[in-house]
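*Asks:* I have a structure I would like to understand better, so I am pasting it below and will then ask my questions one at a time.
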Amino acid sequence: MGVWAGRIKVAAVALAVVVAVWILDRLADVEWPEGAVPVVRAVLLVAAVAIAGIAYQTWSTNPPRTPLVVSSMIVSLVGGAAFASAVTSAPSGEVLTSGPLPVVGVVALVFAVVALTAESSKRSPTT
């Protein structure tokens with residue numbers, strides 16, 4: 001497995017976690033079990049940081065820096081920050097805050113992973 005393939009797999013799993021929890025929390029309005037909220041928040045923060053970290057690391061270590069890599073890095077940092085803010089500012093008993101902040105975070109993180117995936121399809125499997 002090439003470096004790009006490994007990065008994309010980790011980013012995809014982290015994105016799946018972010019999207020699944022966002023759907024459960026905001027769209028399905030799931031009542032989280034007692035004690036689960038801090039754990040879910042921690043997992044979401046790790047997932048958002050993983051995506052942003054992968055995008056940043058890909059940008060910083062893999063020339064040429066194509067527009068897809070640059071945009072992925074920028075959007076992942078903005079999305080990660082927005083999502084982290086949505087997690088840490090949520091009221092007690094909720095995983096995410098209401099309003100546009102979690103949506104901005106999710107959309108930006110999805111774009112970042114899609115851009116990385118598109119760029120990886122252009123590169124050889126060993127890079």
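Chain labels A, B, ... are given in the sequence in which chains occur in the structure tokens; within each chain residues are numbered consecutively from 1, and ligands are likewise numbered from 1 in the order shown.
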At a cut-off of 9 Å, using only C-alpha atoms, what residues contact Leu96 in chain A? Leave out same-chain residues fewer than 5 positions from it and give the result as an NGL selection string.
*Replies:* :A and (22 or 25-26 or 41 or 83 or 85-91 or 101-102)
*Asks:* Keeping only N, CA and C atoms, write the selected residues as a PDB file, in the first residue's frame.
*Replies:*
ATOM      1  N   TRP A  22     -22.581  13.266  13.309  1.00  0.00           N
ATOM      2  CA  TRP A  22     -23.355  14.456  12.956  1.00  0.00           C
ATOM      3  C   TRP A  22     -24.786  14.071  12.564  1.00  0.00           C
ATOM      4  N   ASP A  25     -26.608  12.929  15.761  1.00  0.00           N
ATOM      5  CA  ASP A  25     -26.851  13.996  16.731  1.00  0.00           C
ATOM      6  C   ASP A  25     -27.769  15.087  16.201  1.00  0.00           C
ATOM      7  N   ARG A  26     -27.548  15.533  14.991  1.00  0.00           N
ATOM      8  CA  ARG A  26     -28.310  16.668  14.475  1.00  0.00           C
ATOM      9  C   ARG A  26     -29.549  16.258  13.690  1.00  0.00           C
ATOM     10  N   ARG A  41     -17.598  13.209  22.148  1.00  0.00           N
ATOM     11  CA  ARG A  41     -16.925  14.481  21.856  1.00  0.00           C
ATOM     12  C   ARG A  41     -15.431  14.274  21.628  1.00  0.00           C
ATOM     13  N   PHE A  83     -15.475  22.519  13.359  1.00  0.00           N
ATOM     14  CA  PHE A  83     -16.059  21.342  13.994  1.00  0.00           C
ATOM     15  C   PHE A  83     -15.622  21.229  15.452  1.00  0.00           C
ATOM     16  N   SER A  85     -14.888  23.687  17.377  1.00  0.00           N
ATOM     17  CA  SER A  85     -15.658  24.706  18.085  1.00  0.00           C
ATOM     18  C   SER A  85     -17.094  24.243  18.327  1.00  0.00           C
ATOM     19  N   ALA A  86     -17.675  23.557  17.344  1.00  0.00           N
ATOM     20  CA  ALA A  86     -19.038  23.042  17.500  1.00  0.00           C
ATOM     21  C   ALA A  86     -19.104  21.982  18.591  1.00  0.00           C
ATOM     22  N   VAL A  87     -18.047  21.205  18.739  1.00  0.00           N
ATOM     23  CA  VAL A  87     -18.008  20.164  19.767  1.00  0.00           C
ATOM     24  C   VAL A  87     -17.790  20.774  21.154  1.00  0.00           C
ATOM     25  N   THR A  88     -16.816  21.664  21.246  1.00  0.00           N
ATOM     26  CA  THR A  88     -16.453  22.187  22.564  1.00  0.00           C
ATOM     27  C   THR A  88     -17.435  23.225  23.093  1.00  0.00           C
ATOM     28  N   SER A  89     -18.246  23.822  22.219  1.00  0.00           N
ATOM     29  CA  SER A  89     -19.217  24.809  22.688  1.00  0.00           C
ATOM     30  C   SER A  89     -20.622  24.245  22.822  1.00  0.00           C
ATOM     31  N   ALA A  90     -20.764  22.938  22.677  1.00  0.00           N
ATOM     32  CA  ALA A  90     -22.087  22.313  22.792  1.00  0.00           C
ATOM     33  C   ALA A  90     -22.573  22.384  24.240  1.00  0.00           C
ATOM     34  N   PRO A  91     -23.879  22.566  24.396  1.00  0.00           N
ATOM     35  CA  PRO A  91     -24.422  22.588  25.754  1.00  0.00           C
ATOM     36  C   PRO A  91     -24.274  21.233  26.435  1.00  0.00           C
ATOM     37  N   LEU A 101     -22.394  26.017  12.636  1.00  0.00           N
ATOM     38  CA  LEU A 101     -20.999  25.642  12.855  1.00  0.00           C
ATOM     39  C   LEU A 101     -20.716  24.162  12.568  1.00  0.00           C
ATOM     40  N   PRO A 102     -21.514  23.216  13.079  1.00  0.00           N
ATOM     41  CA  PRO A 102     -21.226  21.819  12.739  1.00  0.00           C
ATOM     42  C   PRO A 102     -21.399  21.515  11.252  1.00  0.00           C
TER      43      PRO A 102
END
*Asks:* Report as a tab-separated table: every residue of range 7-69 of chain A with an atom at most 7 Å from range 116-119 of chain A, its closest pair of atoms, and their distance in Å to one decimal, counting only C-alpha atoms, with rows sorted by chain and ascending residue number.
*Replies:*
residue	atom	partner	partner_atom	distance
A:Ile8	CA	A:Thr117	CA	6.3
A:Leu68	CA	A:Glu119	CA	6.3
A:Val69	CA	A:Leu116	CA	6.3
*Asks:* Ala48 in chain A: which residues within 12 Å, counting only C-alpha atoms, same-chain residues fewer than 3 positions away excluded, as a PyMOL selection string?
*Replies:* chain A and resi 10-19+21+41-45+51-55+75-87+102+105-110+112-113
*Asks:* Run DSSP on the backbone and tell me which residues of chain A come out as helix (DSSP H, G or I); list them as a short mmCIF file (atom, residue, chain, number, x, y, z; two decimals) with N, CA and C atoms, in the first residue's frame.
*Replies:*
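Below is the file states12.cif, written as the result:
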data_model
loop_
_atom_site.label_atom_id
_atom_site.label_comp_id
_atom_site.auth_asym_id
_atom_site.auth_seq_id
_atom_site.Cartn_x
_atom_site.Cartn_y
_atom_site.Cartn_z
N VAL A 3 1.86 5.37 0.32
CA VAL A 3 1.65 6.37 1.37
C VAL A 3 0.31 7.05 1.20
N TRP A 4 -0.01 7.42 -0.03
CA TRP A 4 -1.28 8.11 -0.27
C TRP A 4 -2.47 7.23 0.10
N ALA A 5 -2.41 5.96 -0.26
CA ALA A 5 -3.53 5.06 0.04
C ALA A 5 -3.77 4.95 1.54
N GLY A 6 -2.69 4.84 2.31
CA GLY A 6 -2.83 4.76 3.76
C GLY A 6 -3.44 6.02 4.34
N ARG A 7 -2.98 7.18 3.86
CA ARG A 7 -3.53 8.45 4.34
C ARG A 7 -5.02 8.56 4.03
N ILE A 8 -5.36 8.19 2.80
CA ILE A 8 -6.77 8.31 2.38
C ILE A 8 -7.66 7.40 3.22
N LYS A 9 -7.19 6.19 3.52
CA LYS A 9 -7.99 5.27 4.33
C LYS A 9 -8.23 5.83 5.73
N VAL A 10 -7.19 6.35 6.35
CA VAL A 10 -7.34 6.92 7.70
C VAL A 10 -8.28 8.12 7.66
N ALA A 11 -8.10 9.00 6.67
CA ALA A 11 -8.97 10.17 6.54
C ALA A 11 -10.42 9.76 6.27
N ALA A 12 -10.61 8.72 5.47
CA ALA A 12 -11.97 8.26 5.17
C ALA A 12 -12.66 7.69 6.40
N VAL A 13 -11.94 6.94 7.21
CA VAL A 13 -12.52 6.39 8.44
C VAL A 13 -12.86 7.53 9.40
N ALA A 14 -11.95 8.48 9.55
CA ALA A 14 -12.22 9.63 10.42
C ALA A 14 -13.42 10.42 9.93
N LEU A 15 -13.53 10.60 8.62
CA LEU A 15 -14.67 11.31 8.06
C LEU A 15 -15.97 10.54 8.28
N ALA A 16 -15.93 9.23 8.15
CA ALA A 16 -17.13 8.42 8.40
C ALA A 16 -17.61 8.59 9.84
N VAL A 17 -16.68 8.66 10.77
CA VAL A 17 -17.05 8.88 12.17
C VAL A 17 -17.71 10.24 12.34
N VAL A 18 -17.10 11.28 11.77
CA VAL A 18 -17.64 12.64 11.88
C VAL A 18 -19.04 12.71 11.29
N VAL A 19 -19.21 12.20 10.09
CA VAL A 19 -20.51 12.27 9.42
C VAL A 19 -21.56 11.44 10.16
N ALA A 20 -21.19 10.25 10.61
CA ALA A 20 -22.15 9.40 11.32
C ALA A 20 -22.64 10.06 12.61
N VAL A 21 -21.74 10.61 13.37
CA VAL A 21 -22.15 11.27 14.63
C VAL A 21 -22.96 12.52 14.34
N TRP A 22 -22.58 13.27 13.31
CA TRP A 22 -23.35 14.46 12.96
C TRP A 22 -24.79 14.07 12.56
N ILE A 23 -24.92 13.02 11.77
CA ILE A 23 -26.26 12.56 11.37
C ILE A 23 -27.05 12.11 12.59
N LEU A 24 -26.42 11.32 13.45
CA LEU A 24 -27.12 10.85 14.64
C LEU A 24 -27.51 11.99 15.57
N ASP A 25 -26.61 12.93 15.76
CA ASP A 25 -26.85 14.00 16.73
C ASP A 25 -27.77 15.09 16.20
N ARG A 26 -27.55 15.53 14.99
CA ARG A 26 -28.31 16.67 14.47
C ARG A 26 -29.55 16.26 13.69
N LEU A 27 -29.44 15.24 12.85
CA LEU A 27 -30.58 14.89 12.00
C LEU A 27 -31.51 13.88 12.67
N ALA A 36 -21.92 8.98 27.74
CA ALA A 36 -21.41 8.80 26.38
C ALA A 36 -20.99 10.11 25.73
N VAL A 37 -21.57 11.21 26.14
CA VAL A 37 -21.31 12.49 25.49
C VAL A 37 -19.83 12.89 25.53
N PRO A 38 -19.15 12.83 26.68
CA PRO A 38 -17.72 13.20 26.67
C PRO A 38 -16.87 12.28 25.79
N VAL A 39 -17.21 11.02 25.75
CA VAL A 39 -16.46 10.07 24.93
C VAL A 39 -16.67 10.36 23.45
N VAL A 40 -17.91 10.60 23.06
CA VAL A 40 -18.22 10.91 21.66
C VAL A 40 -17.56 12.23 21.26
N ARG A 41 -17.60 13.21 22.15
CA ARG A 41 -16.93 14.48 21.86
C ARG A 41 -15.43 14.27 21.63
N ALA A 42 -14.81 13.48 22.48
CA ALA A 42 -13.37 13.22 22.34
C ALA A 42 -13.06 12.52 21.02
N VAL A 43 -13.88 11.54 20.66
CA VAL A 43 -13.69 10.82 19.39
C VAL A 43 -13.85 11.78 18.21
N LEU A 44 -14.83 12.67 18.27
CA LEU A 44 -15.02 13.64 17.19
C LEU A 44 -13.84 14.59 17.06
N LEU A 45 -13.32 15.04 18.18
CA LEU A 45 -12.16 15.93 18.13
C LEU A 45 -10.95 15.23 17.52
N VAL A 46 -10.73 13.98 17.90
CA VAL A 46 -9.61 13.21 17.34
C VAL A 46 -9.81 13.01 15.84
N ALA A 47 -11.02 12.71 15.42
CA ALA A 47 -11.29 12.49 13.99
C ALA A 47 -11.08 13.77 13.18
N ALA A 48 -11.57 14.90 13.68
CA ALA A 48 -11.40 16.16 12.96
C ALA A 48 -9.92 16.55 12.88
N VAL A 49 -9.20 16.36 13.98
CA VAL A 49 -7.77 16.67 13.98
C VAL A 49 -7.01 15.72 13.05
N ALA A 50 -7.42 14.47 12.98
CA ALA A 50 -6.76 13.51 12.09
C ALA A 50 -6.91 13.95 10.64
N ILE A 51 -8.10 14.35 10.24
CA ILE A 51 -8.32 14.78 8.86
C ILE A 51 -7.49 16.02 8.55
N ALA A 52 -7.55 17.00 9.43
CA ALA A 52 -6.77 18.23 9.22
C ALA A 52 -5.27 17.94 9.22
N GLY A 53 -4.84 17.07 10.10
CA GLY A 53 -3.42 16.71 10.17
C GLY A 53 -2.94 16.00 8.93
N ILE A 54 -3.75 15.09 8.41
CA ILE A 54 -3.38 14.37 7.19
C ILE A 54 -3.30 15.34 6.01
N ALA A 55 -4.28 16.23 5.91
CA ALA A 55 -4.26 17.20 4.80
C ALA A 55 -3.05 18.13 4.92
N TYR A 56 -2.76 18.58 6.12
CA TYR A 56 -1.61 19.48 6.31
C TYR A 56 -0.29 18.75 6.03
N GLN A 57 -0.19 17.54 6.53
CA GLN A 57 1.04 16.77 6.32
C GLN A 57 1.23 16.46 4.84
N THR A 58 0.16 16.16 4.14
CA THR A 58 0.24 15.90 2.71
C THR A 58 0.71 17.14 1.96
N TRP A 59 0.17 18.29 2.35
CA TRP A 59 0.58 19.54 1.72
C TRP A 59 2.05 19.85 2.01
N SER A 60 2.47 19.63 3.25
CA SER A 60 3.81 20.07 3.63
C SER A 60 4.93 19.16 3.14
N THR A 61 4.63 17.91 2.83
CA THR A 61 5.70 16.97 2.49
C THR A 61 5.67 16.42 1.07
N PRO A 67 -3.31 22.48 -6.76
CA PRO A 67 -4.45 23.21 -6.18
C PRO A 67 -5.34 22.33 -5.30
N LEU A 68 -5.49 21.06 -5.67
CA LEU A 68 -6.31 20.16 -4.84
C LEU A 68 -5.68 19.94 -3.46
N VAL A 69 -4.39 19.77 -3.41
CA VAL A 69 -3.71 19.55 -2.13
C VAL A 69 -3.77 20.82 -1.28
N VAL A 70 -3.53 21.96 -1.90
CA VAL A 70 -3.57 23.23 -1.18
C VAL A 70 -4.98 23.51 -0.66
N SER A 71 -5.98 23.33 -1.51
CA SER A 71 -7.35 23.58 -1.08
C SER A 71 -7.78 22.59 0.00
N SER A 72 -7.35 21.35 -0.12
CA SER A 72 -7.67 20.36 0.91
C SER A 72 -7.09 20.77 2.25
N MET A 73 -5.85 21.24 2.24
CA MET A 73 -5.20 21.65 3.48
C MET A 73 -5.93 22.84 4.10
N ILE A 74 -6.20 23.86 3.31
CA ILE A 74 -6.85 25.06 3.84
C ILE A 74 -8.25 24.75 4.36
N VAL A 75 -9.03 24.05 3.58
CA VAL A 75 -10.40 23.75 3.97
C VAL A 75 -10.44 22.80 5.17
N SER A 76 -9.50 21.87 5.25
CA SER A 76 -9.50 20.95 6.40
C SER A 76 -9.17 21.68 7.68
N LEU A 77 -8.29 22.67 7.62
CA LEU A 77 -7.97 23.44 8.83
C LEU A 77 -9.17 24.28 9.27
N VAL A 78 -9.84 24.91 8.31
CA VAL A 78 -11.05 25.69 8.63
C VAL A 78 -12.15 24.76 9.15
N GLY A 79 -12.36 23.64 8.45
CA GLY A 79 -13.39 22.69 8.86
C GLY A 79 -13.10 22.06 10.20
N GLY A 80 -11.84 21.70 10.43
CA GLY A 80 -11.47 21.13 11.71
C GLY A 80 -11.68 22.11 12.84
N ALA A 81 -11.33 23.38 12.62
CA ALA A 81 -11.54 24.40 13.64
C ALA A 81 -13.02 24.63 13.90
N ALA A 82 -13.81 24.70 12.83
CA ALA A 82 -15.26 24.90 12.99
C ALA A 82 -15.89 23.72 13.73
N PHE A 83 -15.48 22.52 13.36
CA PHE A 83 -16.06 21.34 13.99
C PHE A 83 -15.62 21.23 15.45
N ALA A 84 -14.36 21.53 15.72
CA ALA A 84 -13.88 21.51 17.11
C ALA A 84 -14.63 22.53 17.94
N SER A 85 -14.89 23.69 17.38
CA SER A 85 -15.66 24.71 18.09
C SER A 85 -17.09 24.24 18.33
N ALA A 86 -17.68 23.56 17.34
CA ALA A 86 -19.04 23.04 17.50
C ALA A 86 -19.10 21.98 18.59
N VAL A 87 -18.05 21.21 18.74
CA VAL A 87 -18.01 20.16 19.77
C VAL A 87 -17.79 20.77 21.15
N THR A 88 -16.82 21.66 21.25
CA THR A 88 -16.45 22.19 22.56
C THR A 88 -17.43 23.23 23.09
N PRO A 100 -25.10 26.73 12.45
CA PRO A 100 -24.36 26.40 11.23
C PRO A 100 -22.95 25.86 11.46
N LEU A 101 -22.39 26.02 12.64
CA LEU A 101 -21.00 25.64 12.85
C LEU A 101 -20.72 24.16 12.57
N PRO A 102 -21.51 23.22 13.08
CA PRO A 102 -21.23 21.82 12.74
C PRO A 102 -21.40 21.51 11.25
N VAL A 103 -22.35 22.18 10.62
CA VAL A 103 -22.57 21.95 9.18
C VAL A 103 -21.37 22.45 8.38
N VAL A 104 -20.87 23.63 8.72
CA VAL A 104 -19.68 24.16 8.04
C VAL A 104 -18.51 23.20 8.23
N GLY A 105 -18.33 22.71 9.45
CA GLY A 105 -17.24 21.77 9.73
C GLY A 105 -17.35 20.49 8.93
N VAL A 106 -18.54 19.91 8.90
CA VAL A 106 -18.73 18.65 8.18
C VAL A 106 -18.52 18.85 6.68
N VAL A 107 -19.10 19.89 6.12
CA VAL A 107 -18.96 20.14 4.68
C VAL A 107 -17.49 20.37 4.32
N ALA A 108 -16.79 21.14 5.13
CA ALA A 108 -15.38 21.41 4.85
C ALA A 108 -14.53 20.14 4.97
N LEU A 109 -14.79 19.32 5.97
CA LEU A 109 -14.02 18.08 6.13
C LEU A 109 -14.33 17.10 5.00
N VAL A 110 -15.57 17.04 4.56
CA VAL A 110 -15.92 16.20 3.40
C VAL A 110 -15.17 16.68 2.16
N PHE A 111 -15.17 17.99 1.93
CA PHE A 111 -14.45 18.52 0.77
C PHE A 111 -12.97 18.19 0.85
N ALA A 112 -12.39 18.31 2.04
CA ALA A 112 -10.96 18.04 2.20
C ALA A 112 -10.62 16.60 1.84
N VAL A 113 -11.43 15.67 2.32
CA VAL A 113 -11.15 14.25 2.03
C VAL A 113 -11.41 13.95 0.55
N VAL A 114 -12.44 14.52 -0.03
CA VAL A 114 -12.71 14.31 -1.45
C VAL A 114 -11.56 14.87 -2.29
N ALA A 115 -11.05 16.05 -1.94
CA ALA A 115 -9.93 16.63 -2.68
C ALA A 115 -8.68 15.77 -2.55
N LEU A 116 -8.41 15.26 -1.35
CA LEU A 116 -7.26 14.37 -1.19
C LEU A 116 -7.42 13.09 -1.99
N THR A 117 -8.63 12.56 -2.01
CA THR A 117 -8.89 11.35 -2.77
C THR A 117 -8.72 11.59 -4.26
N ALA A 118 -9.21 12.72 -4.73
CA ALA A 118 -9.06 13.05 -6.15
C ALA A 118 -7.59 13.21 -6.51
N GLU A 119 -6.83 13.85 -5.64
CA GLU A 119 -5.39 14.02 -5.91
C GLU A 119 -4.67 12.69 -5.87
N SER A 120 -5.06 11.82 -4.94
CA SER A 120 -4.37 10.53 -4.84
C SER A 120 -4.60 9.67 -6.07
N SER A 121 -5.74 9.84 -6.72
CA SER A 121 -6.00 9.05 -7.93
C SER A 121 -5.09 9.48 -9.08
N LYS A 122 -4.51 10.68 -8.98
CA LYS A 122 -3.58 11.16 -10.02
C LYS A 122 -2.15 10.69 -9.78
#
